[in-house]
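Asks: Okay, so here is my_file13.pdb, and as you'll see once you scroll down, it has PDB, C-alpha atoms.
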ATOM      1  CA  MET A 669      29.609  55.051  18.464
ATOM      2  CA  SER A 670      33.176  53.932  18.928
ATOM      3  CA  PRO A 671      33.787  50.168  18.611
ATOM      4  CA  SER A 672      34.075  48.091  21.726
ATOM      5  CA  PRO A 673      37.630  47.911  22.997
ATOM      6  CA  LEU A 674      37.237  44.156  23.142
ATOM      7  CA  LEU A 675      36.618  44.029  19.395
ATOM      8  CA  ALA A 676      39.060  46.742  18.241
ATOM      9  CA  ARG A 677      42.023  45.478  16.254
ATOM     10  CA  PRO A 678      45.318  47.090  17.416
ATOM     11  CA  PRO A 679      47.263  48.970  14.729
ATOM     12  CA  ALA A 680      50.055  47.113  13.050
ATOM     13  CA  PRO A 681      53.437  47.996  14.523
ATOM     14  CA  SER A 682      55.576  50.332  12.450
ATOM     15  CA  SER A 683      58.663  48.357  13.257
ATOM     16  CA  PRO A 684      59.491  45.217  15.223
ATOM     17  CA  SER A 685      60.964  47.320  17.949
ATOM     18  CA  THR A 686      57.751  49.236  18.599
ATOM     19  CA  TYR A 687      56.342  46.459  20.726
ATOM     20  CA  PRO A 688      59.001  44.641  22.681
ATOM     21  CA  SER A 689      58.592  40.893  22.802
ATOM     22  CA  LEU A 690      56.904  39.577  25.904
ATOM     23  CA  PRO A 691      57.527  36.235  27.529
ATOM     24  CA  PRO A 692      54.791  33.741  26.719
ATOM     25  CA  ARG A 693      52.063  33.648  29.341
ATOM     26  CA  ARG A 694      51.108  30.243  30.598
ATOM     27  CA  CYS A 695      47.383  29.909  31.302
ATOM     28  CA  ALA A 696      45.862  27.428  33.670
ATOM     29  CA  PRO A 697      44.137  24.658  31.792
ATOM     30  CA  ALA A 698      40.478  25.374  31.284
ATOM     31  CA  VAL A 699      38.197  23.485  33.551
ATOM     32  CA  ALA A 700      34.702  22.760  32.273
ATOM     33  CA  SER A 701      31.888  21.145  34.103
ATOM     34  CA  ALA A 702      28.422  20.478  32.783
ATOM     35  CA  ALA A 703      25.312  19.617  34.687
ATOM     36  CA  LEU A 704      22.318  18.207  32.877
ATOM     37  CA  ARG A 705      18.884  18.229  34.373
ATOM     38  CA  VAL A 706      15.891  16.608  32.669
ATOM     39  CA  ALA A 707      12.397  17.229  33.928
ATOM     40  CA  PRO A 708      10.606  13.918  34.558
ATOM     41  CA  ALA A 709       7.955  13.025  31.974
ATOM     42  CA  THR A 710       4.553  11.696  32.820
ATOM     43  CA  ALA A 711       3.830   8.032  32.172
ATOM     44  CA  SER A 712       1.126   8.708  29.613
ATOM     45  CA  ARG A 713       2.476  11.543  27.487
ATOM     46  CA  ALA A 714       5.555  13.721  27.153
ATOM     47  CA  PRO A 715       5.049  16.614  24.689
ATOM     48  CA  PHE A 716       8.536  17.886  25.359
ATOM     49  CA  SER A 717      11.339  17.668  27.854
ATOM     50  CA  ARG A 718      13.123  20.711  29.248
ATOM     51  CA  LEU A 719      16.873  20.332  29.492
ATOM     52  CA  VAL A 720      18.917  22.905  31.409
ATOM     53  CA  THR A 721      22.663  22.983  30.906
ATOM     54  CA  LYS A 722      24.998  24.697  33.312
ATOM     55  CA  ARG A 723      28.627  25.258  32.342
ATOM     56  CA  ASN A 724      31.481  26.743  34.376
ATOM     57  CA  PHE A 725      34.760  27.678  32.712
ATOM     58  CA  ALA A 726      37.709  28.795  34.779
ATOM     59  CA  ALA A 727      40.998  30.142  33.523
ATOM     60  CA  SER A 728      43.637  32.289  35.153
ATOM     61  CA  ASP A 729      41.679  35.500  34.918
ATOM     62  CA  ILE A 730      38.338  34.549  33.328
ATOM     63  CA  ARG A 731      35.322  33.142  35.139
ATOM     64  CA  GLU A 732      31.890  32.604  33.614
ATOM     65  CA  ASP A 733      28.860  31.031  35.208
ATOM     66  CA  TYR A 734      25.597  30.920  33.304
ATOM     67  CA  SER A 735      22.627  28.628  32.788
ATOM     68  CA  THR A 736      20.749  28.273  29.526
ATOM     69  CA  PRO A 737      17.339  26.543  29.353
ATOM     70  CA  ILE A 738      16.832  24.604  26.145
ATOM     71  CA  ASP A 739      13.429  23.301  25.078
ATOM     72  CA  VAL A 740      13.847  20.043  23.208
ATOM     73  CA  VAL A 741      10.898  18.403  21.528
ATOM     74  CA  ALA A 742      11.213  14.698  22.323
ATOM     75  CA  ASP A 743       9.510  12.083  20.136
ATOM     76  CA  VAL A 744       8.614   9.801  23.041
ATOM     77  CA  LYS A 745       5.514   7.729  22.366
ATOM     78  CA  THR A 746       3.642   5.341  24.596
ATOM     79  CA  GLU A 747       1.128   2.702  23.583
ATOM     80  CA  LYS A 748      -2.533   3.504  24.110
ATOM     81  CA  ILE A 749      -5.252   1.065  23.125
ATOM     82  CA  VAL A 750      -9.016   1.363  22.866
ATOM     83  CA  VAL A 751     -10.765  -1.913  23.701
ATOM     84  CA  LEU A 752     -14.267  -2.277  22.309
ATOM     85  CA  GLY A 753     -16.267  -4.457  24.696
ATOM     86  CA  GLY A 754     -13.621  -4.000  27.378
ATOM     87  CA  SER A 755     -15.955  -4.838  30.261
ATOM     88  CA  GLY A 756     -16.774  -8.290  28.855
ATOM     89  CA  PHE A 757     -15.102 -11.633  29.481
ATOM     90  CA  VAL A 758     -12.385 -11.381  26.813
ATOM     91  CA  GLY A 759     -12.236  -7.589  26.816
ATOM     92  CA  SER A 760     -11.555  -7.319  30.545
ATOM     93  CA  ALA A 761      -8.720  -9.858  30.252
ATOM     94  CA  ILE A 762      -7.172  -7.729  27.508
ATOM     95  CA  CYS A 763      -7.505  -4.577  29.611
ATOM     96  CA  LYS A 764      -5.897  -6.301  32.586
ATOM     97  CA  ALA A 765      -2.997  -7.654  30.510
ATOM     98  CA  ALA A 766      -2.412  -4.258  28.902
ATOM     99  CA  VAL A 767      -2.321  -2.505  32.273
ATOM    100  CA  SER A 768       0.225  -5.064  33.518
ATOM    101  CA  LYS A 769       2.497  -4.103  30.600
ATOM    102  CA  GLY A 770       2.224  -0.374  31.212
ATOM    103  CA  ILE A 771      -0.099   0.304  28.277
ATOM    104  CA  GLU A 772      -2.688   3.055  28.599
ATOM    105  CA  VAL A 773      -6.192   1.596  28.181
ATOM    106  CA  VAL A 774      -9.585   3.013  27.256
ATOM    107  CA  SER A 775     -12.625   0.722  27.205
ATOM    108  CA  LEU A 776     -15.827   1.427  25.293
ATOM    109  CA  SER A 777     -18.812  -0.777  26.069
ATOM    110  CA  ARG A 778     -22.514  -0.436  26.690
ATOM    111  CA  SER A 779     -22.159  -1.168  30.396
ATOM    112  CA  GLY A 780     -19.103   1.017  31.029
ATOM    113  CA  ARG A 781     -17.148   0.293  34.187
ATOM    114  CA  PRO A 782     -17.502  -3.285  35.528
ATOM    115  CA  SER A 783     -19.110  -3.848  38.918
ATOM    116  CA  TYR A 784     -16.134  -5.647  40.488
ATOM    117  CA  SER A 785     -13.206  -3.723  41.965
ATOM    118  CA  ASP A 786      -9.939  -5.448  41.108
ATOM    119  CA  PRO A 787      -6.863  -3.195  41.488
ATOM    120  CA  TRP A 788      -6.227  -2.911  37.723
ATOM    121  CA  VAL A 789      -9.766  -1.625  37.102
ATOM    122  CA  ASP A 790      -8.890   1.820  38.442
ATOM    123  CA  GLN A 791      -6.139   2.151  35.826
ATOM    124  CA  VAL A 792      -8.538   1.892  32.871
ATOM    125  CA  THR A 793     -10.637   4.723  31.453
ATOM    126  CA  TRP A 794     -14.158   3.292  31.203
ATOM    127  CA  LEU A 795     -16.574   4.777  28.678
ATOM    128  CA  ALA A 796     -20.210   3.744  28.294
ATOM    129  CA  GLY A 797     -21.521   3.890  24.750
ATOM    130  CA  ASP A 798     -22.555   2.150  21.553
ATOM    131  CA  VAL A 799     -20.175   1.793  18.599
ATOM    132  CA  PHE A 800     -22.937   2.865  16.211
ATOM    133  CA  TYR A 801     -23.306   6.200  18.002
ATOM    134  CA  ALA A 802     -19.852   6.697  19.487
ATOM    135  CA  ARG A 803     -18.114  10.067  19.384
ATOM    136  CA  TRP A 804     -14.989   8.637  17.835
ATOM    137  CA  ASP A 805     -13.086  11.909  17.896
ATOM    138  CA  GLU A 806     -13.156  11.674  21.694
ATOM    139  CA  VAL A 807     -12.848   7.910  22.063
ATOM    140  CA  LEU A 808      -9.856   7.455  19.759
ATOM    141  CA  VAL A 809      -7.772  10.485  20.691
ATOM    142  CA  GLY A 810      -4.123   9.483  21.120
ATOM    143  CA  ALA A 811      -4.770   5.774  20.456
ATOM    144  CA  THR A 812      -2.129   3.620  18.773
ATOM    145  CA  ALA A 813      -4.392   0.577  18.326
ATOM    146  CA  VAL A 814      -8.030  -0.466  18.516
ATOM    147  CA  VAL A 815      -8.965  -3.927  19.782
ATOM    148  CA  SER A 816     -12.459  -5.236  19.106
ATOM    149  CA  THR A 817     -14.026  -8.072  21.091
ATOM    150  CA  LEU A 818     -17.508  -7.315  19.734
ATOM    151  CA  GLY A 819     -19.637 -10.356  18.981
ATOM    152  CA  GLY A 820     -22.623 -12.300  20.162
ATOM    153  CA  PHE A 821     -25.543 -14.555  19.379
ATOM    154  CA  GLY A 822     -29.191 -13.940  18.514
ATOM    155  CA  ASN A 823     -31.324 -14.181  15.415
ATOM    156  CA  GLU A 824     -29.754 -13.897  11.980
ATOM    157  CA  GLU A 825     -30.092 -10.132  11.691
ATOM    158  CA  GLN A 826     -28.835  -9.506  15.210
ATOM    159  CA  MET A 827     -25.751 -11.662  14.670
ATOM    160  CA  LYS A 828     -24.948  -9.986  11.361
ATOM    161  CA  ARG A 829     -25.263  -6.599  13.019
ATOM    162  CA  ILE A 830     -23.153  -7.182  16.139
ATOM    163  CA  ASN A 831     -20.559  -9.539  14.616
ATOM    164  CA  GLY A 832     -20.316  -7.788  11.264
ATOM    165  CA  GLU A 833     -21.691  -4.266  10.983
ATOM    166  CA  ALA A 834     -20.569  -3.128  14.444
ATOM    167  CA  ASN A 835     -16.997  -4.192  13.744
ATOM    168  CA  VAL A 836     -17.024  -2.700  10.245
ATOM    169  CA  THR A 837     -18.160   0.612  11.746
ATOM    170  CA  ALA A 838     -15.293   0.494  14.239
ATOM    171  CA  VAL A 839     -12.700  -0.376  11.581
ATOM    172  CA  ASP A 840     -13.838   2.468   9.333
ATOM    173  CA  ALA A 841     -13.748   4.942  12.231
ATOM    174  CA  ALA A 842     -10.261   3.843  13.283
ATOM    175  CA  LYS A 843      -8.984   4.192   9.732
ATOM    176  CA  GLU A 844     -10.604   7.609   9.301
ATOM    177  CA  PHE A 845      -8.946   8.925  12.463
ATOM    178  CA  GLY A 846      -5.545   7.551  11.524
ATOM    179  CA  ILE A 847      -5.204   4.783  14.110
ATOM    180  CA  PRO A 848      -2.242   2.696  12.893
ATOM    181  CA  LYS A 849      -3.400  -0.761  14.011
ATOM    182  CA  PHE A 850      -6.642  -2.718  14.413
ATOM    183  CA  ILE A 851      -6.947  -6.085  16.184
ATOM    184  CA  LEU A 852     -10.084  -8.217  15.855
ATOM    185  CA  ILE A 853     -11.088 -11.175  18.015
ATOM    186  CA  SER A 854     -12.830 -13.464  15.536
ATOM    187  CA  VAL A 855     -13.585 -17.202  15.708
ATOM    188  CA  HIS A 856     -12.240 -20.538  14.490
ATOM    189  CA  ASP A 857     -14.381 -22.083  11.756
ATOM    190  CA  TYR A 858     -14.188 -25.633  13.214
ATOM    191  CA  ASN A 859     -14.070 -27.110   9.690
ATOM    192  CA  LEU A 860     -17.810 -26.629   9.495
ATOM    193  CA  PRO A 861     -19.617 -27.333   6.221
ATOM    194  CA  SER A 862     -20.219 -24.233   4.112
ATOM    195  CA  PHE A 863     -23.987 -24.219   4.729
ATOM    196  CA  LEU A 864     -23.336 -23.853   8.481
ATOM    197  CA  LEU A 865     -20.772 -21.121   7.907
ATOM    198  CA  ASN A 866     -23.503 -19.140   6.143
ATOM    199  CA  SER A 867     -25.182 -18.383   9.451
ATOM    200  CA  GLY A 868     -25.312 -14.776  10.633
ATOM    201  CA  TYR A 869     -22.675 -15.411  13.285
ATOM    202  CA  PHE A 870     -19.951 -16.607  10.912
ATOM    203  CA  THR A 871     -20.860 -14.355   7.978
ATOM    204  CA  GLY A 872     -20.736 -11.380  10.312
ATOM    205  CA  LYS A 873     -17.318 -12.379  11.653
ATOM    206  CA  ARG A 874     -15.896 -12.972   8.177
ATOM    207  CA  LYS A 875     -17.254  -9.631   6.962
ATOM    208  CA  ALA A 876     -15.455  -7.936   9.864
ATOM    209  CA  GLU A 877     -12.246  -9.836   9.057
ATOM    210  CA  SER A 878     -12.361  -8.718   5.430
ATOM    211  CA  GLU A 879     -12.755  -5.106   6.505
ATOM    212  CA  VAL A 880      -9.764  -5.299   8.865
ATOM    213  CA  LEU A 881      -7.510  -6.956   6.292
ATOM    214  CA  SER A 882      -8.505  -4.572   3.504
ATOM    215  CA  LYS A 883      -8.181  -1.363   5.538
ATOM    216  CA  TYR A 884      -5.083  -2.562   7.439
ATOM    217  CA  PRO A 885      -3.217  -4.875   5.034
ATOM    218  CA  THR A 886       0.151  -4.527   6.806
ATOM    219  CA  SER A 887      -0.930  -3.950  10.406
ATOM    220  CA  GLY A 888      -4.339  -5.570  10.874
ATOM    221  CA  VAL A 889      -4.541  -8.575  13.202
ATOM    222  CA  VAL A 890      -7.283 -11.224  13.195
ATOM    223  CA  LEU A 891      -7.237 -13.810  15.978
ATOM    224  CA  ARG A 892      -9.331 -16.958  15.485
ATOM    225  CA  PRO A 893      -9.573 -18.753  18.833
ATOM    226  CA  GLY A 894     -11.889 -21.661  19.531
ATOM    227  CA  PHE A 895     -13.636 -22.121  22.859
ATOM    228  CA  ILE A 896     -12.172 -19.570  25.299
ATOM    229  CA  TYR A 897     -12.002 -20.561  28.938
ATOM    230  CA  GLY A 898     -11.191 -18.742  32.140
ATOM    231  CA  LYS A 899     -12.968 -17.329  35.164
ATOM    232  CA  ARG A 900     -15.929 -15.430  33.799
ATOM    233  CA  LYS A 901     -17.621 -12.875  36.049
ATOM    234  CA  VAL A 902     -21.352 -12.414  35.536
ATOM    235  CA  ASP A 903     -23.525 -10.273  37.839
ATOM    236  CA  GLY A 904     -21.126 -10.651  40.736
ATOM    237  CA  PHE A 905     -20.723 -14.395  40.282
ATOM    238  CA  GLU A 906     -17.650 -16.145  38.922
ATOM    239  CA  ILE A 907     -18.157 -18.961  36.425
ATOM    240  CA  PRO A 908     -15.049 -21.201  36.409
ATOM    241  CA  LEU A 909     -14.910 -22.151  32.731
ATOM    242  CA  ASP A 910     -11.306 -23.189  33.285
ATOM    243  CA  VAL A 911     -12.464 -26.205  35.289
ATOM    244  CA  VAL A 912     -13.530 -27.735  31.974
ATOM    245  CA  GLY A 913     -11.397 -25.853  29.491
ATOM    246  CA  GLN A 914      -7.959 -26.310  30.996
ATOM    247  CA  PRO A 915      -8.027 -30.142  31.360
ATOM    248  CA  LEU A 916      -9.600 -30.434  27.908
ATOM    249  CA  GLU A 917      -6.879 -28.284  26.374
ATOM    250  CA  LYS A 918      -4.164 -30.443  27.932
ATOM    251  CA  LEU A 919      -5.872 -33.624  26.806
ATOM    252  CA  LEU A 920      -6.351 -32.569  23.196
ATOM    253  CA  SER A 921      -2.827 -31.161  23.010
ATOM    254  CA  SER A 922      -1.363 -34.445  24.254
ATOM    255  CA  VAL A 923      -3.138 -36.518  21.576
ATOM    256  CA  GLU A 924      -2.756 -33.984  18.779
ATOM    257  CA  ASN A 925      -0.366 -36.175  16.781
ATOM    258  CA  PHE A 926      -2.940 -38.947  16.744
ATOM    259  CA  THR A 927      -5.928 -36.764  15.895
ATOM    260  CA  LYS A 928      -4.338 -34.721  13.094
ATOM    261  CA  PRO A 929      -5.398 -37.173  10.354
ATOM    262  CA  LEU A 930      -9.004 -36.562  11.428
ATOM    263  CA  SER A 931      -8.775 -32.771  11.169
ATOM    264  CA  SER A 932      -9.818 -32.777   7.516
ATOM    265  CA  LEU A 933     -13.189 -34.313   8.324
ATOM    266  CA  PRO A 934     -16.121 -31.873   8.249
ATOM    267  CA  ALA A 935     -16.869 -30.351  11.663
ATOM    268  CA  SER A 936     -14.083 -32.423  13.238
ATOM    269  CA  ASP A 937     -12.750 -29.435  15.134
ATOM    270  CA  LEU A 938     -15.942 -29.232  17.144
ATOM    271  CA  LEU A 939     -14.376 -32.100  19.085
ATOM    272  CA  LEU A 940     -10.685 -31.791  18.287
ATOM    273  CA  ALA A 941      -9.890 -28.066  18.375
ATOM    274  CA  PRO A 942      -8.232 -27.350  21.734
ATOM    275  CA  PRO A 943      -9.742 -24.642  23.945
ATOM    276  CA  VAL A 944      -7.759 -21.439  24.485
ATOM    277  CA  SER A 945      -7.149 -19.669  27.767
ATOM    278  CA  VAL A 946      -8.546 -16.139  27.914
ATOM    279  CA  ASP A 947      -5.094 -15.070  29.123
ATOM    280  CA  ASP A 948      -3.532 -16.515  25.962
ATOM    281  CA  VAL A 949      -5.923 -14.472  23.848
ATOM    282  CA  ALA A 950      -5.191 -11.348  25.912
ATOM    283  CA  TYR A 951      -1.408 -11.642  25.700
ATOM    284  CA  ALA A 952      -1.554 -12.468  21.988
ATOM    285  CA  VAL A 953      -3.360  -9.142  21.609
ATOM    286  CA  ILE A 954      -0.617  -7.384  23.583
ATOM    287  CA  ASN A 955       1.977  -8.957  21.322
ATOM    288  CA  GLY A 956       0.017  -7.626  18.358
ATOM    289  CA  VAL A 957      -0.034  -4.143  19.858
ATOM    290  CA  ILE A 958       3.716  -4.113  20.514
ATOM    291  CA  ASP A 959       5.128  -6.056  17.560
ATOM    292  CA  ASP A 960       4.774  -4.272  14.209
ATOM    293  CA  SER A 961       5.740  -7.455  12.339
ATOM    294  CA  PHE A 962       2.720  -9.265  13.833
ATOM    295  CA  PHE A 963      -0.211  -8.951  11.405
ATOM    296  CA  GLY A 964      -2.557 -11.180   9.427
ATOM    297  CA  VAL A 965      -4.798 -14.087  10.459
ATOM    298  CA  PHE A 966      -3.743 -16.284  13.391
ATOM    299  CA  THR A 967      -4.913 -19.779  14.260
ATOM    300  CA  ILE A 968      -5.366 -21.334  17.695
ATOM    301  CA  GLU A 969      -1.794 -22.611  17.858
ATOM    302  CA  GLN A 970      -0.373 -19.320  16.600
ATOM    303  CA  ILE A 971      -2.344 -17.438  19.260
ATOM    304  CA  LYS A 972      -0.674 -19.530  21.957
ATOM    305  CA  GLU A 973       2.765 -18.960  20.440
ATOM    306  CA  ALA A 974       2.212 -15.200  20.328
ATOM    307  CA  ALA A 975       0.960 -15.160  23.909
ATOM    308  CA  ALA A 976       4.051 -17.013  25.122
ATOM    309  CA  LYS A 977       6.208 -14.089  23.952
ATOM    310  CA  CYS A 978       4.465 -11.739  26.376
ATOM    311  CA  MET A 979       3.648 -14.022  29.300
ATOM    312  CA  ASN A 980       6.926 -13.477  31.165
ATOM    313  CA  PRO A 981       6.935 -10.410  33.440
ATOM    314  CA  GLY A 982       8.487  -7.447  31.651
ATOM    315  CA  ALA A 983       8.810  -9.262  28.304
ATOM    316  CA  CYS A 984       6.557  -7.076  26.176
ATOM    317  CA  SER A 985       7.257  -4.029  28.325
ATOM    318  CA  LEU A 986      10.920  -4.190  27.279
ATOM    319  CA  GLN A 987       9.839  -4.716  23.687
ATOM    320  CA  ALA A 988       7.659  -1.621  23.899
ATOM    321  CA  GLU A 989      10.584   0.402  25.240
ATOM    322  CA  ARG A 990      12.765  -0.681  22.326
ATOM    323  CA  LYS A 991       9.996   0.187  19.881
ATOM    324  CA  ASN A 992       9.632   3.650  21.399
ATOM    325  CA  GLY A 993      13.368   4.225  21.467
ATOM    326  CA  LEU A 994      13.631   4.384  25.265
TER     327      LEU A 994
END
Can you turn what I pasted into structure tokens?
Replies:
Amino acid sequence: MSPSPLLARPPAPSSPSTYPSLPPRRCAPAVASAALRVAPATASRAPFSRLVTKRNFAASDIREDYSTPIDVVADVKTEKIVVLGGSGFVGSAICKAAVSKGIEVVSLSRSGRPSYSDPWVDQVTWLAGDVFYARWDEVLVGATAVVSTLGGFGNEEQMKRINGEANVTAVDAAKEFGIPKFILISVHDYNLPSFLLNSGYFTGKRKAESEVLSKYPTSGVVLRPGFIYGKRKVDGFEIPLDVVGQPLEKLLSSVENFTKPLSSLPASDLLLAPPVSVDDVAYAVINGVIDDSFFGVFTIEQIKEAAAKCMNPGACSLQAERKNGL
């Protein structure tokens, strides 16, 4: 096959006179235009984005017009949390706060979807199940953090099981499936004497804390609130715990400088530890989900400080965008 005439090299001239000199040809400046089109990504996941470039080059006697699709794998991540006990008092507040910040939410609880129908409820995936028998490979798929609100009262064995063993099971499952962060709602110790802290409730909570901090030393979060107040919904009725909790919080905060010397007394925090709004707990959790430098054990005051960072509309949403490189 003879070479393409476009690629053939002309023979060298035998003498300068063989090819008479030609006047230089002036070409019109090349004009290039590029159009970029990006297919919109879904809010929850974007495995890749398709970019199509279209370029037109025009010269005096050359014209090309072609489009080339380019598949570009984009590392665009969004936050997705699994809330254990998400239909409960604290859990539902966390779900609501997460939805308000554009975080994808899955709730796992025995009761599943709550009976009330607030607008944010439809934006949560509600799963009914028990942590001891959960199919974690389905529950945790795509999650970037697990938040546990598991806890309760009962006899000694029951409290050790729900406050301790249930949370330990969840921590181990999250670690096994590679979830990068675990957040535990624990409890303030109220400066109680050691013999009272040996009850099943506190020993269970501390066992869960130890598991979080050992399995997640640089990303585990333990929140230790005191009495949590807010509007609690039970069987279709709303219990306004904030009627008591909010004034008490303001009162104790206003006299804190005077009561600090008493804080070393045994069990003093039963009277002096300020209550915490359920919204403060929820937004402190959101801060923990978003901020990778937020890990360790957090006191009542530190919970409020963390919540304040996310309370303003769009605050933690912008932080999430920066984290994800958007």
Asks: For stretch 765-769 of chain A, work out the shell of residues within 12 Å, counting all atoms listed in the file and skipping chain neighbours fewer than 2 positions away, then give it as a PDB file with C-alpha atoms, in the coordinates of the input.
Replies:
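Full text of out04.pdb as output:
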ATOM      1  CA  THR A 746       3.642   5.341  24.596  1.00  0.00           C
ATOM      2  CA  GLU A 747       1.128   2.702  23.583  1.00  0.00           C
ATOM      3  CA  LYS A 748      -2.533   3.504  24.110  1.00  0.00           C
ATOM      4  CA  ILE A 749      -5.252   1.065  23.125  1.00  0.00           C
ATOM      5  CA  VAL A 750      -9.016   1.363  22.866  1.00  0.00           C
ATOM      6  CA  VAL A 751     -10.765  -1.913  23.701  1.00  0.00           C
ATOM      7  CA  GLY A 754     -13.621  -4.000  27.378  1.00  0.00           C
ATOM      8  CA  VAL A 758     -12.385 -11.381  26.813  1.00  0.00           C
ATOM      9  CA  GLY A 759     -12.236  -7.589  26.816  1.00  0.00           C
ATOM     10  CA  SER A 760     -11.555  -7.319  30.545  1.00  0.00           C
ATOM     11  CA  ALA A 761      -8.720  -9.858  30.252  1.00  0.00           C
ATOM     12  CA  ILE A 762      -7.172  -7.729  27.508  1.00  0.00           C
ATOM     13  CA  CYS A 763      -7.505  -4.577  29.611  1.00  0.00           C
ATOM     14  CA  ILE A 771      -0.099   0.304  28.277  1.00  0.00           C
ATOM     15  CA  GLU A 772      -2.688   3.055  28.599  1.00  0.00           C
ATOM     16  CA  VAL A 773      -6.192   1.596  28.181  1.00  0.00           C
ATOM     17  CA  VAL A 774      -9.585   3.013  27.256  1.00  0.00           C
ATOM     18  CA  SER A 775     -12.625   0.722  27.205  1.00  0.00           C
ATOM     19  CA  PRO A 787      -6.863  -3.195  41.488  1.00  0.00           C
ATOM     20  CA  TRP A 788      -6.227  -2.911  37.723  1.00  0.00           C
ATOM     21  CA  VAL A 789      -9.766  -1.625  37.102  1.00  0.00           C
ATOM     22  CA  ASP A 790      -8.890   1.820  38.442  1.00  0.00           C
ATOM     23  CA  GLN A 791      -6.139   2.151  35.826  1.00  0.00           C
ATOM     24  CA  VAL A 792      -8.538   1.892  32.871  1.00  0.00           C
ATOM     25  CA  THR A 793     -10.637   4.723  31.453  1.00  0.00           C
ATOM     26  CA  ALA A 813      -4.392   0.577  18.326  1.00  0.00           C
ATOM     27  CA  VAL A 815      -8.965  -3.927  19.782  1.00  0.00           C
ATOM     28  CA  VAL A 946      -8.546 -16.139  27.914  1.00  0.00           C
ATOM     29  CA  ASP A 947      -5.094 -15.070  29.123  1.00  0.00           C
ATOM     30  CA  ASP A 948      -3.532 -16.515  25.962  1.00  0.00           C
ATOM     31  CA  VAL A 949      -5.923 -14.472  23.848  1.00  0.00           C
ATOM     32  CA  ALA A 950      -5.191 -11.348  25.912  1.00  0.00           C
ATOM     33  CA  TYR A 951      -1.408 -11.642  25.700  1.00  0.00           C
ATOM     34  CA  ALA A 952      -1.554 -12.468  21.988  1.00  0.00           C
ATOM     35  CA  VAL A 953      -3.360  -9.142  21.609  1.00  0.00           C
ATOM     36  CA  ILE A 954      -0.617  -7.384  23.583  1.00  0.00           C
ATOM     37  CA  ASN A 955       1.977  -8.957  21.322  1.00  0.00           C
ATOM     38  CA  GLY A 956       0.017  -7.626  18.358  1.00  0.00           C
ATOM     39  CA  VAL A 957      -0.034  -4.143  19.858  1.00  0.00           C
ATOM     40  CA  ILE A 958       3.716  -4.113  20.514  1.00  0.00           C
ATOM     41  CA  ALA A 975       0.960 -15.160  23.909  1.00  0.00           C
ATOM     42  CA  CYS A 978       4.465 -11.739  26.376  1.00  0.00           C
ATOM     43  CA  MET A 979       3.648 -14.022  29.300  1.00  0.00           C
ATOM     44  CA  ASN A 980       6.926 -13.477  31.165  1.00  0.00           C
ATOM     45  CA  PRO A 981       6.935 -10.410  33.440  1.00  0.00           C
ATOM     46  CA  GLY A 982       8.487  -7.447  31.651  1.00  0.00           C
ATOM     47  CA  ALA A 983       8.810  -9.262  28.304  1.00  0.00           C
ATOM     48  CA  CYS A 984       6.557  -7.076  26.176  1.00  0.00           C
ATOM     49  CA  SER A 985       7.257  -4.029  28.325  1.00  0.00           C
ATOM     50  CA  LEU A 986      10.920  -4.190  27.279  1.00  0.00           C
ATOM     51  CA  GLN A 987       9.839  -4.716  23.687  1.00  0.00           C
ATOM     52  CA  ALA A 988       7.659  -1.621  23.899  1.00  0.00           C
ATOM     53  CA  GLU A 989      10.584   0.402  25.240  1.00  0.00           C
TER      54      GLU A 989
END
Asks: Would you translate the PyMOL selection byres ((chain A and resi 966) around 12) into the concrete set of residues it matches in this file, as a ChimeraX atom specification?
Replies: /A:851-856,877,888-894,949,952-953,956,962-965,967-975
Asks: Can you measure atom CA of A:Ser878 to atom CA of A:Leu776 for me? One decimal in Å is fine.
Replies: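 The value is 22.6 Å.
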Asks: Restricting the calculation to all atoms listed in the file, which member of A:Gly780, A:Gly756, A:Pro943, A:Gly898 is positioned closest to A:Ser816?
Replies: A:Gly756
Asks: Translate the PyMOL selection byres ((chain A and resi 847) around 8), as applied to the file shown, into an explicit residue set as a list in words.
Replies: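 Evaluating the PyMOL selection byres ((chain A and resi 847) around 8) on this file yields Leu808, Ala811, Thr812, Ala813, Val814, Ala842, Lys843, Glu844, Phe845, Gly846, Pro848, Lys849 and Phe850 of chain A.
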Asks: Could you tell me which of A:Gln826, A:Ser882, A:Thr817, A:Ser921 comes closest to A:Asp840 if we count all atoms listed in the file?
Replies: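 Among A:Gln826, A:Ser882, A:Thr817, A:Ser921, it is A:Ser882 that comes nearest to A:Asp840.
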Asks: Here is a test: counting all atoms listed in the file, which residue of A:Ala838, A:Ile896, A:Ser936, A:Asp786 is nearest to A:Pro908?
Replies: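 So, comparing all the options, the nearest one is A:Ile896.
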Asks: Rounded to one decimal in Å, what is the spacing between atom CA of A:Arg829 and atom CA of A:Ser862?
Replies: 20.4 Å
Asks: If you measure from atom CA of A:Gly797 to atom CA of A:Asn823, what distance in Å do you get, rounded to one decimal?
Replies: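 If I compute the distance from atom CA of A:Gly797 to atom CA of A:Asn823, I get 22.6 Å.
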Asks: For a quick check of understanding, using only C-alpha atoms, which of A:Val809, A:Leu920, A:Leu752, A:Leu865 has the smallest distance to A:Thr837?
Replies: A:Leu752
Asks: The PyMOL selection byres ((chain A and resi 871) around 12) on the file shown: which residues, as an MDAnalysis selection string?
Replies: chainID A and resid 819 824:833 854:855 857 862:870 872:878
Asks: Residues within 8 Å of A:Leu909, please, as a PyMOL selection string. Count only C-alpha atoms; anything in the same chain fewer than 4 positions from it doesn't count.
Replies: chain A and resi 897-900+913
Asks: Which one of A:Ala935, A:Ile907, A:Val944, A:Leu881 sits closest to A:Leu860 if you count all atoms listed in the file?
Replies: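 Among the listed residues, the smallest separation from A:Leu860 belongs to A:Ala935.
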